[in-house]
Amino acid sequence: MKDLIDRLAAGGELSDEEWRFLIEGSCDRQLLFDEADKVRRRYYGTEVYIRGLVEISSFCKNDCLYCGIRRSNGSAERYRLSKEEICACCEQGYGLGFRTFVLQGGEDSFHTTEWVADLVFALKEKYPDCAVTLSLGEKPRRDYEIWHQAGADRYLLRHETASRPHYEKLHPPGQTFQNRMECLRNLREIGFQTGAGFMVGSPFQQTDDLIADLRFLREFQPHMVGIGPFIPHHDTPFSAKPQGSLERTLTMVALTRLLLPKALIPATTALGTIHPKGREMGLQAGANVVMPNLSPVSVRGQYSLYDNKACTGQEAAEGLEALKKSVAQAGYRVVVDRGDAR
Ligand code: SAH
């Protein structure tokens, strides 16, 4: 086991059998998490970076089968925030110590390329010491270029699964694996700090798919990797599918840390949703980022990607003091910092 971990950390390739042993075999999970934690401490010490997440719209033209705000969900309540509302969220966040703002949303055509660019420009002008991260889905290369020129620093676009046949089981025919991957390549070429990522335990996922995810990460070398358990949403075709497991998610976080020692890896809200200590466990398995919710309380419930999404306690910006405490209890410390990749 230790020799596999050392080979991984040294950039060596593992066989399918060896990956399988680490992902689902009878290996020592605690040892795996501890080794990942050692690697994270080598580059980031005990620092935990916080990102203020603003969920700017719950309108979406896409129809991802797993997602609660998919177009076909007629029961979803929809909202979109105005620029003024978003700026007010960031102002509150700045006061709390956030130095990265993440603007995430469904693919809402109402938010034009120019609208987003103006918003990014205004935020960067007001907060030159902050990073702006966008997470607004798949766009033409030109849009990404305009947003980058407007000052956006980072872009999150999870690849969702690195296996094409699996991707096709999670998305309708119009949403192609090829386009998702092309968007990721464009983002990186344009100069964004680029984030990929995937769900653990999404419907039809096999261990081979997770191996493909790890090999993709090694090849693509994203700056950020978001990993969370799949959690069913009652108004989607996957409502009756089981949620992803805590242990498997922590395992994938740890393996990702070993593969990408300098990556920014969030302990995700989804991880915090399936277990009360999920986020702390994520940090202890190699994660080094948390993304509390800065959205206005009045709309938070409507950005419902999956059931029971945690959004009022330590997941929320107003719970920051409590979050700092539990991060400290886990052995780390929240810092006021842009938190760029080393
Ligand atoms: N529209 C943007 C933002 C998507 S929401 C985009 O396309 O990138 C952010 C992430 O939430 C998705 O990438 C997906 O991995 C995750 N997500 C969506 N539904 C989920 C579910 N049911 N369970 C767990 N994670 C989910």
# chains A, B, ... in the order shown; residues from 1 in each chain; ligands from 1
call {"tool": "residues_near_ligand", "arguments": {"ligand": "ligand 1", "cutoff": "6 Å", "atoms": "only C-alpha atoms and all ligand atoms", "output": "list in words"}}
result
Tyr66, Cys67, Gln104, Gly105, Gly106, Glu107, Ser135, Leu136, Gly137, Leu157, Arg158, Glu160, Phe198, Met199, Pro229, Phe230, Ile231, Pro232, His233, Leu305 and Tyr306 of chain A
call {"tool": "select_by_dssp", "arguments": {"residues": "stretch 67-262 of chain A", "states": "strand (DSSP E)", "output": "VMD selection string"}}
result
chain A and resid 100 to 105 131 to 135 154 to 156 193 to 200 224 to 229
call {"tool": "write_last_selection", "arguments": {"atoms": "N, CA, C and O atoms", "output": "compact mmCIF listing (two decimals), in the first residue's frame"}}
result
# COMPACT_ATOMS: atom_id res chain seq x y z
N THR A 100 -11.89 35.81 -2.35
CA THR A 100 -12.29 35.21 -3.63
C THR A 100 -13.82 35.17 -3.66
O THR A 100 -14.44 34.75 -2.69
N PHE A 101 -14.38 35.62 -4.78
CA PHE A 101 -15.82 35.50 -4.98
C PHE A 101 -16.06 34.55 -6.13
O PHE A 101 -15.45 34.68 -7.19
N VAL A 102 -16.93 33.58 -5.90
CA VAL A 102 -17.27 32.61 -6.95
C VAL A 102 -18.70 32.88 -7.40
O VAL A 102 -19.64 32.80 -6.61
N LEU A 103 -18.83 33.26 -8.68
CA LEU A 103 -20.17 33.49 -9.23
C LEU A 103 -20.58 32.24 -9.97
O LEU A 103 -20.00 31.91 -11.01
N GLN A 104 -21.56 31.52 -9.42
CA GLN A 104 -21.99 30.27 -10.04
C GLN A 104 -23.46 30.38 -10.41
O GLN A 104 -24.22 31.09 -9.77
N GLY A 105 -23.84 29.64 -11.45
CA GLY A 105 -25.25 29.65 -11.80
C GLY A 105 -25.59 28.61 -12.83
O GLY A 105 -24.71 27.95 -13.40
N ALA A 131 -9.80 37.70 -5.97
CA ALA A 131 -9.95 36.90 -7.19
C ALA A 131 -11.44 36.72 -7.49
O ALA A 131 -12.25 36.61 -6.56
N VAL A 132 -11.78 36.73 -8.77
CA VAL A 132 -13.15 36.42 -9.18
C VAL A 132 -13.13 35.10 -9.96
O VAL A 132 -12.35 34.94 -10.90
N THR A 133 -13.95 34.19 -9.50
CA THR A 133 -14.08 32.88 -10.13
C THR A 133 -15.46 32.79 -10.77
O THR A 133 -16.45 33.17 -10.14
N LEU A 134 -15.51 32.31 -11.99
CA LEU A 134 -16.80 32.11 -12.65
C LEU A 134 -17.09 30.62 -12.74
O LEU A 134 -16.18 29.80 -12.87
N SER A 135 -18.37 30.27 -12.66
CA SER A 135 -18.79 28.88 -12.82
C SER A 135 -20.16 28.92 -13.47
O SER A 135 -21.19 28.76 -12.81
N ARG A 154 -10.43 32.84 -12.45
CA ARG A 154 -10.56 31.38 -12.39
C ARG A 154 -11.90 30.96 -12.98
O ARG A 154 -12.84 31.76 -13.02
N TYR A 155 -11.97 29.71 -13.39
CA TYR A 155 -13.23 29.19 -13.92
C TYR A 155 -13.41 27.74 -13.46
O TYR A 155 -12.49 26.93 -13.63
N LEU A 156 -14.55 27.46 -12.91
CA LEU A 156 -14.87 26.09 -12.48
C LEU A 156 -15.84 25.45 -13.46
O LEU A 156 -16.92 25.97 -13.70
N GLN A 193 -7.09 30.08 -14.22
CA GLN A 193 -6.87 28.96 -13.31
C GLN A 193 -8.15 28.12 -13.43
O GLN A 193 -9.25 28.61 -13.19
N THR A 194 -7.97 26.90 -13.88
CA THR A 194 -9.11 26.12 -14.33
C THR A 194 -9.43 24.98 -13.36
O THR A 194 -8.53 24.30 -12.87
N GLY A 195 -10.73 24.82 -13.10
CA GLY A 195 -11.16 23.77 -12.18
C GLY A 195 -11.98 22.71 -12.90
O GLY A 195 -12.93 23.02 -13.61
N ALA A 196 -11.59 21.46 -12.72
CA ALA A 196 -12.38 20.33 -13.20
C ALA A 196 -13.01 19.66 -11.98
O ALA A 196 -12.97 20.22 -10.88
N GLY A 197 -13.58 18.49 -12.18
CA GLY A 197 -14.14 17.79 -11.02
C GLY A 197 -15.25 16.84 -11.41
O GLY A 197 -15.68 16.82 -12.56
N PHE A 198 -15.68 16.07 -10.44
CA PHE A 198 -16.65 15.01 -10.73
C PHE A 198 -17.43 14.65 -9.46
O PHE A 198 -17.02 14.98 -8.35
N MET A 199 -18.54 13.98 -9.70
CA MET A 199 -19.34 13.45 -8.59
C MET A 199 -18.90 12.02 -8.31
O MET A 199 -18.55 11.28 -9.23
N VAL A 200 -18.97 11.63 -7.06
CA VAL A 200 -18.65 10.26 -6.67
C VAL A 200 -19.97 9.53 -6.39
O VAL A 200 -20.81 10.04 -5.65
N MET A 224 -7.69 23.39 -9.95
CA MET A 224 -8.68 23.14 -8.90
C MET A 224 -9.45 21.87 -9.26
O MET A 224 -9.65 21.59 -10.44
N VAL A 225 -9.88 21.15 -8.24
CA VAL A 225 -10.67 19.94 -8.50
C VAL A 225 -11.80 19.85 -7.47
O VAL A 225 -11.54 19.71 -6.26
N GLY A 226 -13.03 19.93 -7.95
CA GLY A 226 -14.20 19.80 -7.07
C GLY A 226 -14.71 18.36 -7.09
O GLY A 226 -15.00 17.82 -8.14
N ILE A 227 -14.78 17.78 -5.90
CA ILE A 227 -15.22 16.38 -5.80
C ILE A 227 -16.28 16.29 -4.71
O ILE A 227 -16.04 16.66 -3.56
N GLY A 228 -17.46 15.81 -5.09
CA GLY A 228 -18.50 15.65 -4.07
C GLY A 228 -19.33 14.42 -4.35
O GLY A 228 -19.34 13.93 -5.48
N PRO A 229 -20.01 13.92 -3.33
CA PRO A 229 -20.88 12.77 -3.55
C PRO A 229 -22.09 13.16 -4.39
O PRO A 229 -22.59 14.29 -4.25
call {"tool": "closest_residue", "arguments": {"among": "A:Leu123, A:Met1, A:Leu53, A:Val334", "to": "A:Ala316", "atoms": "only C-alpha atoms"}}
result
A:Leu53
call {"tool": "residues_around", "arguments": {"residues": "A:Phe177", "least_positions_apart": "4", "cutoff": "12 Å", "atoms": "only C-alpha atoms", "output": "NGL selection string"}}
result
:A and (138 or 158-173 or 181-184)
call {"tool": "write_last_selection", "arguments": {"atoms": "N, CA and C atoms", "output": "CSV table (one decimal), in the first residue's frame"}}
result
chain,number,residue,atom,x,y,z
A,138,GLU,N,-20.9,25.9,-20.0
A,138,GLU,CA,-20.2,25.8,-21.2
A,138,GLU,C,-20.6,27.0,-22.1
A,158,ARG,N,-16.8,21.5,-13.8
A,158,ARG,CA,-16.5,20.1,-13.6
A,158,ARG,C,-16.6,19.3,-14.8
A,159,HIS,N,-15.7,18.3,-15.0
A,159,HIS,CA,-15.9,17.5,-16.2
A,159,HIS,C,-17.0,16.5,-16.0
A,160,GLU,N,-17.4,16.3,-14.8
A,160,GLU,CA,-18.5,15.4,-14.3
A,160,GLU,C,-18.1,13.9,-14.4
A,161,THR,N,-17.6,13.4,-15.4
A,161,THR,CA,-17.0,12.1,-15.6
A,161,THR,C,-16.1,12.1,-16.8
A,162,ALA,N,-15.0,11.4,-16.7
A,162,ALA,CA,-14.0,11.4,-17.8
A,162,ALA,C,-14.3,10.3,-18.8
A,163,SER,N,-15.4,9.5,-18.6
A,163,SER,CA,-15.8,8.5,-19.5
A,163,SER,C,-16.9,8.9,-20.4
A,164,ARG,N,-16.7,8.9,-21.7
A,164,ARG,CA,-17.7,9.3,-22.6
A,164,ARG,C,-19.0,8.5,-22.5
A,165,PRO,N,-19.0,7.2,-22.5
A,165,PRO,CA,-20.3,6.5,-22.3
A,165,PRO,C,-21.0,6.8,-21.0
A,166,HIS,N,-20.2,7.0,-20.0
A,166,HIS,CA,-20.9,7.4,-18.7
A,166,HIS,C,-21.4,8.8,-18.8
A,167,TYR,N,-20.7,9.7,-19.4
A,167,TYR,CA,-21.2,11.1,-19.6
A,167,TYR,C,-22.6,11.1,-20.3
A,168,GLU,N,-22.7,10.2,-21.3
A,168,GLU,CA,-23.9,10.2,-22.1
A,168,GLU,C,-25.1,9.6,-21.3
A,169,LYS,N,-24.8,8.9,-20.2
A,169,LYS,CA,-25.9,8.4,-19.3
A,169,LYS,C,-26.3,9.4,-18.3
A,170,LEU,N,-25.5,10.5,-18.2
A,170,LEU,CA,-25.9,11.5,-17.2
A,170,LEU,C,-26.5,12.8,-17.8
A,171,HIS,N,-26.4,12.8,-19.2
A,171,HIS,CA,-26.8,14.1,-19.9
A,171,HIS,C,-27.6,13.7,-21.1
A,172,PRO,N,-28.5,14.7,-21.5
A,172,PRO,CA,-29.3,14.4,-22.7
A,172,PRO,C,-28.4,14.5,-24.0
A,173,PRO,N,-28.9,14.0,-25.1
A,173,PRO,CA,-28.0,14.0,-26.3
A,173,PRO,C,-27.4,15.3,-26.8
A,181,MET,N,-15.3,18.9,-22.7
A,181,MET,CA,-13.8,18.8,-22.6
A,181,MET,C,-13.1,19.9,-23.4
A,182,GLU,N,-13.8,20.3,-24.5
A,182,GLU,CA,-13.2,21.4,-25.3
A,182,GLU,C,-13.3,22.7,-24.5
A,183,CYS,N,-14.4,22.9,-23.8
A,183,CYS,CA,-14.5,24.1,-23.0
A,183,CYS,C,-13.4,24.1,-22.0
A,184,LEU,N,-13.1,23.0,-21.3
A,184,LEU,CA,-12.0,22.9,-20.3
A,184,LEU,C,-10.7,23.3,-21.0
call {"tool": "closest_residue", "arguments": {"among": "A:Thr236, A:Ser26, A:Thr251, A:Gln175", "to": "A:Ser75", "atoms": "only C-alpha atoms"}}
result
A:Thr236
call {"tool": "atom_distance", "arguments": {"atom1": "atom CA of A:Arg279", "atom2": "atom CA of A:Ala267"}}
result
5.0 Å
call {"tool": "closest_residue", "arguments": {"among": "A:Ile50, A:Leu255, A:Leu260, A:Ala212", "to": "A:Leu31", "atoms": "only C-alpha atoms"}}
result
A:Leu255
call {"tool": "atom_distance", "arguments": {"atom1": "atom CA of A:Ser298", "atom2": "atom CA of A:Asp235"}}
result
21.2 Å
call {"tool": "closest_residue", "arguments": {"among": "A:Glu85, A:Asp129, A:Asp16, A:Glu114", "to": "A:Arg99", "atoms": "only C-alpha atoms"}}
result
A:Asp129
call {"tool": "select_by_dssp", "arguments": {"residues": "stretch 207-248 of chain A", "states": "alpha helix (DSSP H)", "output": "list of chain:residue names"}}
result
A:Thr207, A:Asp208, A:Asp209, A:Leu210, A:Ile211, A:Ala212, A:Asp213, A:Leu214, A:Arg215, A:Phe216, A:Leu217, A:Arg218, A:Glu219, A:Phe220, A:Leu246, A:Glu247, A:Arg248
call {"tool": "closest_residue", "arguments": {"among": "A:Tyr332, A:Pro261, A:Glu219, A:Glu125", "to": "A:Ala10", "atoms": "only C-alpha atoms"}}
result
A:Pro261
call {"tool": "closest_residue", "arguments": {"among": "A:Gly93, A:Pro128, A:Gly282, A:Gly68", "to": "A:Phe33", "atoms": "only C-alpha atoms"}}
result
A:Gly282
call {"tool": "atom_distance", "arguments": {"atom1": "atom CA of A:Ile56", "atom2": "atom CA of A:Ala322"}}
result
25.0 Å
call {"tool": "residues_around", "arguments": {"residues": "A:Cys89", "least_positions_apart": "5", "cutoff": "7 Å", "atoms": "only C-alpha atoms", "output": "PyMOL selection string"}}
result
chain A and resi 294-296
call {"tool": "write_last_selection", "arguments": {"atoms": "C-alpha atoms", "output": "tab-separated table (two decimals), in the first residue's frame"}}
result
chain	number	residue	atom	x	y	z
A	294	LEU	CA	-22.79	34.25	0.30
A	295	SER	CA	-26.07	34.26	-1.64
A	296	PRO	CA	-28.96	36.24	-0.15
